[in-house]
Amino acid sequence: MIQFISISSGSSGNCYYLLADGFGLLIDLGIGIRIFKRHFSNYGLPLAQIKAILVTHDHTDHVKAVGSLSRDFNLPVYTSARVHDSITRNHYVSKKVPLAQQHTIERGDAPLQLGPFEITSFAVPHDSADNNGYIIKAENVCLVVMTDVGHFTDEMQRIVAQATHLIIESNYDAQMLSNGPYPMRLQKRISSPNGHISNAETGAFLAEHLNPERIKRVWLCHLSAENNRPQLALDTVCQALRNKGYTLEGDNALRVETLPRHTPTLPVELE
Ligand SMILES: [Zn+2]
Ligand SMILES: [Zn+2]
C-alpha cells in the first residue's frame, strides 16, 4: 500500500509525502521546519519514518528546510548535482545539506531504488538552476510529478502517458494574471517558457496526452494565490478533459482535484 499526503503546495512552500513498506519519502521541503514538524505530529506520523528527501529544484519554496531536516535526522537528499550546487549557494537556505548527504540523481541514470520506490528523473523547463520531474514507481503505481513547468516538452508528453497518478502544476489563469496586481515584469516571468504554466495549458496538455486506460488520479498543484482560484483551475482542466470524452463522475472515473496551499490533505491510498 502506498500512501500520499500533500503537506503544502504553492509559492509559499511545497512538500509532498509518500509512504510504502514503512519507507517515507519526502518530495521537496519548502516550508519552515517548525510548521513541517507540527503538521507531521498532528497526523501522528513519526519523523523517523522519513528515510530520504527527493528535491525537484533549488527555489526556496521547494528547499527551505531540506538542509535542516537532513541534519536533524541524517537524511540523504537526492537531486541533480546542479540543484545541489545551487542550494549550497542559496542565501535563503540557512542550514545547508551536509556534503555527505548530497546524493545525485541525473537524467539518463539507471532508475534509483529507494526502499520500495523506483525513481527516474526528467527535465522540466523552469528558471531555476535546474528542474527535475520524477517518475516514481512502486507496486502497480506510476506516480509522475511535474511542478514549476515553464512549458511542456515532447518528452513530458511521453512521460505523462505512463502515469497512473499525476501531480502537475496548474499555476495561473491567464486573464487573472493579466488583470491582477503583479507588475508587468513579473507577469512576463510567470507566463514565459521558463516560468509557470496556466490552467488552460495544463488542461490542453492532459486532454491530449494522458492515457485514459492508465490514469486514475490527477492533482493540480502549485496554484497561485493571486492569479488563480482552485475552482477555476479545476473547472478549466475538467472542461478540457470532458471535451476530449473523459467522464469525471462515477466510481472508476478519473478523479481530478486541486491541492491546498497551506493545509495538508488527508492521506490518500494510491492503488
Ligand atoms: Zn515553486
Ligand atoms: Zn520554482
# chains A, B, ... in the order shown; residues from 1 in each chain; ligands from 1

call {"tool": "residues_near_ligand", "arguments": {"ligand": "ligand 1", "cutoff": "6 Å", "atoms": "only C-alpha atoms and all ligand atoms", "output": "MDAnalysis selection string"}}
result
chainID A and resid 11 61 148

call {"tool": "residues_around", "arguments": {"residues": "Gly30 (chain A)", "least_positions_apart": "4", "cutoff": "10 Å", "atoms": "only C-alpha atoms", "output": "ChimeraX atom specification"}}
result
/A:8-16,36,55,58-66,93

call {"tool": "write_last_selection", "arguments": {"atoms": "C-alpha atoms", "output": "mmCIF file, in the first residue's frame"}}
result
data_model
loop_
_atom_site.group_PDB
_atom_site.id
_atom_site.type_symbol
_atom_site.label_atom_id
_atom_site.label_comp_id
_atom_site.auth_asym_id
_atom_site.auth_seq_id
_atom_site.Cartn_x
_atom_site.Cartn_y
_atom_site.Cartn_z
ATOM 1 C CA SER A 8 1.854 22.101 1.297
ATOM 2 C CA SER A 9 1.609 23.265 -2.316
ATOM 3 C CA GLY A 10 2.268 26.687 -3.870
ATOM 4 C CA SER A 11 4.736 29.546 -3.898
ATOM 5 C CA SER A 12 4.737 29.768 -0.100
ATOM 6 C CA GLY A 13 6.069 26.235 0.175
ATOM 7 C CA ASN A 14 5.859 22.806 -1.384
ATOM 8 C CA CYS A 15 6.079 19.424 0.301
ATOM 9 C CA TYR A 16 4.665 16.020 -0.583
ATOM 10 C CA PHE A 36 6.508 20.925 8.912
ATOM 11 C CA VAL A 55 14.201 17.551 -4.498
ATOM 12 C CA ASP A 58 16.587 24.897 -5.942
ATOM 13 C CA HIS A 59 13.925 27.603 -5.478
ATOM 14 C CA THR A 60 13.368 28.401 -1.803
ATOM 15 C CA ASP A 61 9.689 27.362 -1.888
ATOM 16 C CA HIS A 62 10.974 23.817 -2.541
ATOM 17 C CA VAL A 63 14.125 23.610 -0.407
ATOM 18 C CA LYS A 64 13.779 25.958 2.570
ATOM 19 C CA ALA A 65 14.075 23.274 5.273
ATOM 20 C CA VAL A 66 15.728 20.429 3.345
ATOM 21 C CA VAL A 93 18.549 28.436 2.945
#

call {"tool": "residues_around", "arguments": {"residues": "region 19-25 of chain A", "least_positions_apart": "5", "cutoff": "10 Å", "atoms": "only C-alpha atoms", "output": "PyMOL selection string"}}
result
chain A and resi 1-5+45-54+114-117+138-139+267+269-270

call {"tool": "residues_around", "arguments": {"residues": "region 259-264 of chain A", "least_positions_apart": "2", "cutoff": "12 Å", "atoms": "only C-alpha atoms", "output": "VMD selection string"}}
result
chain A and resid 4 to 17 30 to 32 35 to 36 38 to 43 61 166 to 171 218 to 226 228 to 231 233 to 234 256 to 257 266 to 268

call {"tool": "select_by_dssp", "arguments": {"residues": "region 29-187 of chain A", "states": "strand (DSSP E or B)", "output": "PyMOL selection string"}}
result
chain A and resi 50-54+57+77-79+102-104+112-114+117-123+131-138+141-146+165-169+172

call {"tool": "closest_residue", "arguments": {"among": "A:Gly133, A:Gly67, A:Pro183, A:Gly245", "to": "ligand 2", "atoms": "only C-alpha atoms and all ligand atoms"}}
result
A:Gly133

call {"tool": "atom_distance", "arguments": {"atom1": "CA of Ser80 (chain A)", "atom2": "CA of Ser191 (chain A)"}}
result
25.2 Å

call {"tool": "closest_residue", "arguments": {"among": "A:Asn131, A:Gln113, A:Ser94, A:Ser70", "to": "ligand 2", "atoms": "only C-alpha atoms and all ligand atoms"}}
result
A:Asn131

call {"tool": "residues_around", "arguments": {"residues": "Val149 (chain A)", "least_positions_apart": "6", "cutoff": "7 Å", "atoms": "only C-alpha atoms", "output": "list in words"}}
result
Val124, Pro125, His126, Glu169, Gly195, His196 and Ile197 of chain A

call {"tool": "select_by_dssp", "arguments": {"residues": "region 89-263 of chain A", "states": "alpha helix (DSSP H)", "output": "compact mmCIF listing (two decimals) with all heavy atoms, in the first residue's frame"}}
result
# COMPACT_ATOMS: atom_id res chain seq x y z
N ARG A 89 24.45 27.51 -2.56
CA ARG A 89 24.69 28.95 -2.75
C ARG A 89 23.46 29.80 -2.44
O ARG A 89 23.52 31.03 -2.51
CB ARG A 89 25.15 29.19 -4.20
CG ARG A 89 26.60 28.78 -4.42
CD ARG A 89 27.11 29.10 -5.82
NE ARG A 89 26.79 28.05 -6.78
CZ ARG A 89 25.90 28.17 -7.75
NH1 ARG A 89 25.24 29.30 -7.92
NH2 ARG A 89 25.66 27.17 -8.57
N ASP A 154 8.20 17.61 -25.57
CA ASP A 154 7.78 16.34 -26.19
C ASP A 154 8.02 15.18 -25.24
O ASP A 154 7.22 14.25 -25.16
CB ASP A 154 8.56 16.10 -27.49
CG ASP A 154 8.18 17.10 -28.57
OD1 ASP A 154 7.22 17.87 -28.35
OD2 ASP A 154 8.84 17.11 -29.63
N GLU A 155 9.15 15.24 -24.51
CA GLU A 155 9.46 14.15 -23.57
C GLU A 155 8.38 14.08 -22.48
O GLU A 155 7.94 12.99 -22.09
CB GLU A 155 10.83 14.38 -22.93
CG GLU A 155 11.26 13.22 -22.04
CD GLU A 155 12.49 13.51 -21.19
OE1 GLU A 155 12.72 14.69 -20.82
OE2 GLU A 155 13.22 12.55 -20.89
N MET A 156 7.94 15.24 -22.02
CA MET A 156 6.91 15.25 -20.97
C MET A 156 5.59 14.67 -21.48
O MET A 156 4.84 14.07 -20.72
CB MET A 156 6.72 16.67 -20.43
CG MET A 156 7.90 17.14 -19.58
SD MET A 156 7.96 18.93 -19.38
CE MET A 156 6.77 19.17 -18.07
N GLN A 157 5.32 14.82 -22.78
CA GLN A 157 4.12 14.21 -23.37
C GLN A 157 4.18 12.69 -23.23
O GLN A 157 3.21 12.04 -22.85
CB GLN A 157 4.01 14.54 -24.86
CG GLN A 157 3.85 16.02 -25.15
CD GLN A 157 3.85 16.32 -26.64
OE1 GLN A 157 3.92 15.42 -27.48
NE2 GLN A 157 3.78 17.59 -26.98
N ARG A 158 5.36 12.13 -23.54
CA ARG A 158 5.51 10.66 -23.46
C ARG A 158 5.45 10.18 -22.01
O ARG A 158 4.92 9.12 -21.73
CB ARG A 158 6.84 10.23 -24.11
CG ARG A 158 6.88 10.43 -25.61
CD ARG A 158 8.07 9.73 -26.23
NE ARG A 158 9.35 10.28 -25.78
CZ ARG A 158 9.94 11.33 -26.32
NH1 ARG A 158 9.37 11.98 -27.32
NH2 ARG A 158 11.11 11.75 -25.86
N ILE A 159 6.00 10.98 -21.11
CA ILE A 159 6.05 10.57 -19.71
C ILE A 159 4.67 10.60 -19.07
O ILE A 159 4.28 9.69 -18.34
CB ILE A 159 7.06 11.44 -18.94
CG1 ILE A 159 8.48 11.00 -19.35
CG2 ILE A 159 6.88 11.33 -17.43
CD1 ILE A 159 9.58 11.94 -18.94
N VAL A 160 3.91 11.64 -19.36
CA VAL A 160 2.60 11.76 -18.71
C VAL A 160 1.66 10.62 -19.14
O VAL A 160 0.78 10.21 -18.40
CB VAL A 160 2.00 13.17 -18.97
CG1 VAL A 160 1.24 13.23 -20.27
CG2 VAL A 160 1.13 13.59 -17.81
N ALA A 174 -4.82 32.85 -17.12
CA ALA A 174 -4.17 33.88 -17.93
C ALA A 174 -4.84 35.25 -17.75
O ALA A 174 -4.16 36.28 -17.66
CB ALA A 174 -4.16 33.46 -19.40
N GLN A 175 -6.17 35.24 -17.66
CA GLN A 175 -6.88 36.51 -17.52
C GLN A 175 -6.65 37.14 -16.14
O GLN A 175 -6.43 38.36 -16.04
CB GLN A 175 -8.37 36.26 -17.71
CG GLN A 175 -9.00 37.33 -18.55
CD GLN A 175 -10.41 36.96 -18.93
OE1 GLN A 175 -10.88 35.84 -18.68
NE2 GLN A 175 -11.10 37.90 -19.54
N MET A 176 -6.68 36.31 -15.11
CA MET A 176 -6.43 36.84 -13.77
C MET A 176 -5.01 37.39 -13.67
O MET A 176 -4.77 38.41 -13.01
CB MET A 176 -6.63 35.74 -12.71
CG MET A 176 -8.08 35.44 -12.40
SD MET A 176 -8.26 34.20 -11.09
CE MET A 176 -7.88 35.18 -9.63
N LEU A 177 -4.06 36.72 -14.33
CA LEU A 177 -2.68 37.21 -14.29
C LEU A 177 -2.57 38.57 -14.95
O LEU A 177 -1.99 39.50 -14.38
CB LEU A 177 -1.73 36.20 -14.98
CG LEU A 177 -0.26 36.59 -15.06
CD1 LEU A 177 0.37 36.66 -13.66
CD2 LEU A 177 0.53 35.61 -15.92
N SER A 178 -3.17 38.73 -16.15
CA SER A 178 -3.00 40.00 -16.84
C SER A 178 -3.84 41.12 -16.23
O SER A 178 -3.50 42.30 -16.37
CB SER A 178 -3.28 39.85 -18.34
OG SER A 178 -4.57 39.38 -18.54
N ASN A 179 -4.91 40.77 -15.50
CA ASN A 179 -5.71 41.81 -14.82
C ASN A 179 -5.33 41.96 -13.35
O ASN A 179 -5.91 42.78 -12.65
CB ASN A 179 -7.21 41.45 -14.88
CG ASN A 179 -7.72 41.42 -16.30
OD1 ASN A 179 -7.19 42.10 -17.17
ND2 ASN A 179 -8.73 40.61 -16.55
N MET A 184 4.21 44.23 -14.63
CA MET A 184 4.36 43.61 -15.96
C MET A 184 5.57 42.67 -16.03
O MET A 184 5.49 41.59 -16.61
CB MET A 184 4.49 44.72 -17.02
CG MET A 184 4.48 44.23 -18.44
SD MET A 184 3.02 43.23 -18.84
CE MET A 184 1.78 44.51 -18.98
N ARG A 185 6.67 43.09 -15.39
CA ARG A 185 7.89 42.29 -15.45
C ARG A 185 7.66 40.89 -14.84
O ARG A 185 8.10 39.88 -15.37
CB ARG A 185 9.01 43.02 -14.69
CG ARG A 185 10.41 42.50 -14.88
CD ARG A 185 11.43 43.41 -14.16
NE ARG A 185 10.97 43.76 -12.81
CZ ARG A 185 11.10 42.96 -11.75
NH1 ARG A 185 11.69 41.80 -11.86
NH2 ARG A 185 10.66 43.34 -10.56
N LEU A 186 6.95 40.87 -13.73
CA LEU A 186 6.67 39.60 -13.04
C LEU A 186 5.64 38.77 -13.82
O LEU A 186 5.78 37.55 -13.94
CB LEU A 186 6.16 39.90 -11.63
CG LEU A 186 6.03 38.72 -10.66
CD1 LEU A 186 7.31 37.89 -10.60
CD2 LEU A 186 5.68 39.22 -9.26
N GLN A 187 4.66 39.46 -14.41
CA GLN A 187 3.69 38.75 -15.25
C GLN A 187 4.41 38.03 -16.39
O GLN A 187 4.10 36.89 -16.73
CB GLN A 187 2.69 39.73 -15.86
CG GLN A 187 1.68 40.28 -14.87
CD GLN A 187 0.64 41.16 -15.57
OE1 GLN A 187 0.32 40.99 -16.74
NE2 GLN A 187 0.10 42.11 -14.83
N LYS A 188 5.39 38.75 -16.98
CA LYS A 188 6.13 38.17 -18.12
C LYS A 188 6.95 36.97 -17.67
O LYS A 188 7.06 35.97 -18.37
CB LYS A 188 7.04 39.23 -18.75
CG LYS A 188 6.29 40.23 -19.59
CD LYS A 188 7.20 40.78 -20.69
CE LYS A 188 6.39 41.55 -21.71
NZ LYS A 188 6.68 42.98 -21.70
N ARG A 189 7.56 37.09 -16.48
CA ARG A 189 8.36 35.98 -15.95
C ARG A 189 7.49 34.74 -15.76
O ARG A 189 7.85 33.63 -16.14
CB ARG A 189 8.98 36.39 -14.60
CG ARG A 189 10.04 35.45 -14.07
CD ARG A 189 9.85 35.07 -12.60
NE ARG A 189 9.99 33.64 -12.44
CZ ARG A 189 9.62 32.95 -11.37
NH1 ARG A 189 9.06 33.56 -10.34
NH2 ARG A 189 9.79 31.65 -11.30
N ILE A 190 6.31 34.94 -15.17
CA ILE A 190 5.44 33.81 -14.87
C ILE A 190 4.95 33.12 -16.15
O ILE A 190 4.95 31.90 -16.24
CB ILE A 190 4.25 34.27 -14.00
CG1 ILE A 190 4.77 34.61 -12.60
CG2 ILE A 190 3.15 33.23 -13.93
CD1 ILE A 190 3.78 35.34 -11.72
N SER A 191 4.58 33.92 -17.15
CA SER A 191 3.99 33.32 -18.35
C SER A 191 5.05 32.95 -19.40
O SER A 191 4.72 32.39 -20.44
CB SER A 191 2.95 34.27 -18.96
OG SER A 191 3.57 35.49 -19.28
N ASN A 199 -3.70 27.29 -16.28
CA ASN A 199 -4.75 26.27 -16.21
C ASN A 199 -5.09 25.73 -17.60
O ASN A 199 -5.22 24.52 -17.80
CB ASN A 199 -6.03 26.87 -15.61
CG ASN A 199 -5.84 27.38 -14.21
OD1 ASN A 199 -4.95 26.93 -13.49
ND2 ASN A 199 -6.68 28.33 -13.80
N ALA A 200 -5.23 26.65 -18.56
CA ALA A 200 -5.64 26.23 -19.91
C ALA A 200 -4.57 25.37 -20.56
O ALA A 200 -4.88 24.37 -21.23
CB ALA A 200 -5.93 27.47 -20.76
N GLU A 201 -3.29 25.74 -20.36
CA GLU A 201 -2.20 24.93 -20.94
C GLU A 201 -2.17 23.54 -20.33
O GLU A 201 -1.98 22.54 -21.03
CB GLU A 201 -0.85 25.63 -20.70
CG GLU A 201 -0.67 26.88 -21.54
CD GLU A 201 0.55 27.69 -21.11
OE1 GLU A 201 0.70 28.00 -19.90
OE2 GLU A 201 1.36 28.02 -21.98
N THR A 202 -2.33 23.47 -19.00
CA THR A 202 -2.34 22.16 -18.34
C THR A 202 -3.54 21.33 -18.81
O THR A 202 -3.40 20.15 -19.11
CB THR A 202 -2.35 22.34 -16.81
OG1 THR A 202 -1.12 22.96 -16.43
CG2 THR A 202 -2.47 21.01 -16.07
N GLY A 203 -4.70 21.97 -18.91
CA GLY A 203 -5.90 21.25 -19.38
C GLY A 203 -5.70 20.67 -20.77
O GLY A 203 -6.00 19.49 -21.01
N ALA A 204 -5.17 21.48 -21.68
CA ALA A 204 -4.97 21.03 -23.06
C ALA A 204 -3.95 19.90 -23.12
O ALA A 204 -4.13 18.90 -23.84
CB ALA A 204 -4.52 22.20 -23.92
N PHE A 205 -2.88 20.03 -22.34
CA PHE A 205 -1.82 19.02 -22.30
C PHE A 205 -2.38 17.68 -21.79
O PHE A 205 -2.13 16.62 -22.36
CB PHE A 205 -0.70 19.52 -21.40
CG PHE A 205 0.42 18.54 -21.17
CD1 PHE A 205 1.36 18.28 -22.16
CD2 PHE A 205 0.56 17.91 -19.94
CE1 PHE A 205 2.40 17.38 -21.94
CE2 PHE A 205 1.60 17.02 -19.70
CZ PHE A 205 2.53 16.76 -20.70
N LEU A 206 -3.15 17.72 -20.72
CA LEU A 206 -3.69 16.50 -20.14
C LEU A 206 -4.70 15.84 -21.08
O LEU A 206 -4.68 14.63 -21.28
CB LEU A 206 -4.36 16.80 -18.78
CG LEU A 206 -3.40 17.26 -17.68
CD1 LEU A 206 -4.17 17.51 -16.39
CD2 LEU A 206 -2.30 16.23 -17.45
N ALA A 207 -5.58 16.66 -21.67
CA ALA A 207 -6.59 16.11 -22.58
C ALA A 207 -5.91 15.38 -23.74
O ALA A 207 -6.37 14.32 -24.18
CB ALA A 207 -7.48 17.23 -23.10
N GLU A 208 -4.80 15.91 -24.19
CA GLU A 208 -4.13 15.35 -25.36
C GLU A 208 -3.26 14.14 -25.01
O GLU A 208 -3.16 13.20 -25.79
CB GLU A 208 -3.28 16.45 -26.01
CG GLU A 208 -2.97 16.24 -27.48
CD GLU A 208 -4.23 16.03 -28.32
OE1 GLU A 208 -5.21 16.81 -28.20
OE2 GLU A 208 -4.23 15.07 -29.10
N HIS A 209 -2.61 14.16 -23.85
CA HIS A 209 -1.51 13.19 -23.64
C HIS A 209 -1.68 12.19 -22.51
O HIS A 209 -0.90 11.26 -22.40
CB HIS A 209 -0.20 13.96 -23.46
CG HIS A 209 0.12 14.80 -24.65
ND1 HIS A 209 0.43 14.25 -25.88
CD2 HIS A 209 0.11 16.14 -24.83
CE1 HIS A 209 0.63 15.23 -26.75
NE2 HIS A 209 0.44 16.38 -26.14
N PRO A 230 -8.90 27.83 -6.86
CA PRO A 230 -8.98 26.38 -7.02
C PRO A 230 -10.13 25.93 -7.93
O PRO A 230 -9.94 25.09 -8.80
CB PRO A 230 -9.17 25.87 -5.58
CG PRO A 230 -8.53 26.93 -4.74
CD PRO A 230 -8.77 28.22 -5.45
N GLN A 231 -11.32 26.53 -7.75
CA GLN A 231 -12.47 26.10 -8.56
C GLN A 231 -12.26 26.42 -10.04
O GLN A 231 -12.65 25.64 -10.91
CB GLN A 231 -13.75 26.77 -8.03
CG GLN A 231 -15.03 26.13 -8.57
CD GLN A 231 -15.15 24.65 -8.22
OE1 GLN A 231 -14.97 24.28 -7.06
NE2 GLN A 231 -15.43 23.80 -9.20
N LEU A 232 -11.61 27.55 -10.30
CA LEU A 232 -11.35 27.95 -11.69
C LEU A 232 -10.36 26.99 -12.35
O LEU A 232 -10.55 26.55 -13.49
CB LEU A 232 -10.81 29.39 -11.70
CG LEU A 232 -10.54 30.03 -13.05
CD1 LEU A 232 -11.79 30.06 -13.92
CD2 LEU A 232 -10.01 31.46 -12.84
N ALA A 233 -9.30 26.64 -11.62
CA ALA A 233 -8.30 25.68 -12.14
C ALA A 233 -8.98 24.35 -12.45
O ALA A 233 -8.81 23.77 -13.53
CB ALA A 233 -7.18 25.49 -11.13
N LEU A 234 -9.77 23.90 -11.49
CA LEU A 234 -10.46 22.62 -11.63
C LEU A 234 -11.43 22.64 -12.82
O LEU A 234 -11.43 21.74 -13.66
CB LEU A 234 -11.22 22.33 -10.33
CG LEU A 234 -11.62 20.92 -10.04
CD1 LEU A 234 -10.42 19.99 -10.00
CD2 LEU A 234 -12.35 20.86 -8.69
N ASP A 235 -12.25 23.70 -12.90
CA ASP A 235 -13.23 23.80 -13.99
C ASP A 235 -12.54 23.82 -15.35
O ASP A 235 -12.98 23.18 -16.30
CB ASP A 235 -14.09 25.07 -13.84
CG ASP A 235 -15.06 24.96 -12.67
OD1 ASP A 235 -15.25 23.83 -12.16
OD2 ASP A 235 -15.62 26.00 -12.26
N THR A 236 -11.44 24.58 -15.45
CA THR A 236 -10.75 24.72 -16.74
C THR A 236 -10.18 23.38 -17.19
O THR A 236 -10.35 22.97 -18.34
CB THR A 236 -9.61 25.77 -16.61
OG1 THR A 236 -10.17 26.98 -16.09
CG2 THR A 236 -8.96 26.04 -17.95
N VAL A 237 -9.50 22.70 -16.27
CA VAL A 237 -8.88 21.41 -16.62
C VAL A 237 -9.95 20.35 -16.89
O VAL A 237 -9.87 19.61 -17.87
CB VAL A 237 -7.90 20.97 -15.50
CG1 VAL A 237 -7.45 19.54 -15.71
CG2 VAL A 237 -6.70 21.92 -15.45
N CYS A 238 -10.97 20.31 -16.05
CA CYS A 238 -12.02 19.29 -16.23
C CYS A 238 -12.78 19.50 -17.54
O CYS A 238 -13.14 18.54 -18.22
CB CYS A 238 -12.99 19.29 -15.04
SG CYS A 238 -12.24 18.59 -13.56
N GLN A 239 -13.02 20.76 -17.90
CA GLN A 239 -13.71 21.04 -19.16
C GLN A 239 -12.90 20.53 -20.34
O GLN A 239 -13.46 19.92 -21.27
CB GLN A 239 -13.99 22.54 -19.29
CG GLN A 239 -14.99 22.88 -20.38
CD GLN A 239 -16.30 22.11 -20.22
OE1 GLN A 239 -16.92 22.11 -19.16
NE2 GLN A 239 -16.73 21.39 -21.27
N ALA A 240 -11.59 20.74 -20.31
CA ALA A 240 -10.72 20.26 -21.39
C ALA A 240 -10.79 18.74 -21.48
O ALA A 240 -10.84 18.17 -22.58
CB ALA A 240 -9.28 20.72 -21.16
N LEU A 241 -10.81 18.08 -20.32
CA LEU A 241 -10.88 16.61 -20.31
C LEU A 241 -12.24 16.11 -20.81
O LEU A 241 -12.32 15.16 -21.59
CB LEU A 241 -10.60 16.08 -18.90
CG LEU A 241 -9.14 16.24 -18.43
CD1 LEU A 241 -9.03 15.99 -16.93
CD2 LEU A 241 -8.21 15.29 -19.18
N ARG A 242 -13.31 16.78 -20.37
CA ARG A 242 -14.66 16.38 -20.83
C ARG A 242 -14.78 16.55 -22.34
O ARG A 242 -15.36 15.70 -23.02
CB ARG A 242 -15.74 17.20 -20.13
CG ARG A 242 -15.95 16.78 -18.68
CD ARG A 242 -17.28 17.27 -18.12
NE ARG A 242 -17.37 16.93 -16.72
CZ ARG A 242 -16.99 17.73 -15.72
NH1 ARG A 242 -16.54 18.95 -15.98
NH2 ARG A 242 -17.08 17.34 -14.47
N ASN A 243 -14.23 17.64 -22.84
CA ASN A 243 -14.29 17.88 -24.29
C ASN A 243 -13.60 16.76 -25.06
O ASN A 243 -13.88 16.52 -26.23
CB ASN A 243 -13.63 19.22 -24.66
CG ASN A 243 -14.44 20.41 -24.17
OD1 ASN A 243 -15.61 20.25 -23.77
ND2 ASN A 243 -13.84 21.59 -24.19

call {"tool": "closest_residue", "arguments": {"among": "A:Pro193, A:Asp72, A:Arg107, A:Thr147", "to": "ligand 2", "atoms": "only C-alpha atoms and all ligand atoms"}}
result
A:Thr147

call {"tool": "atom_distance", "arguments": {"atom1": "CA of Thr79 (chain A)", "atom2": "CA of Ser128 (chain A)"}}
result
13.3 Å
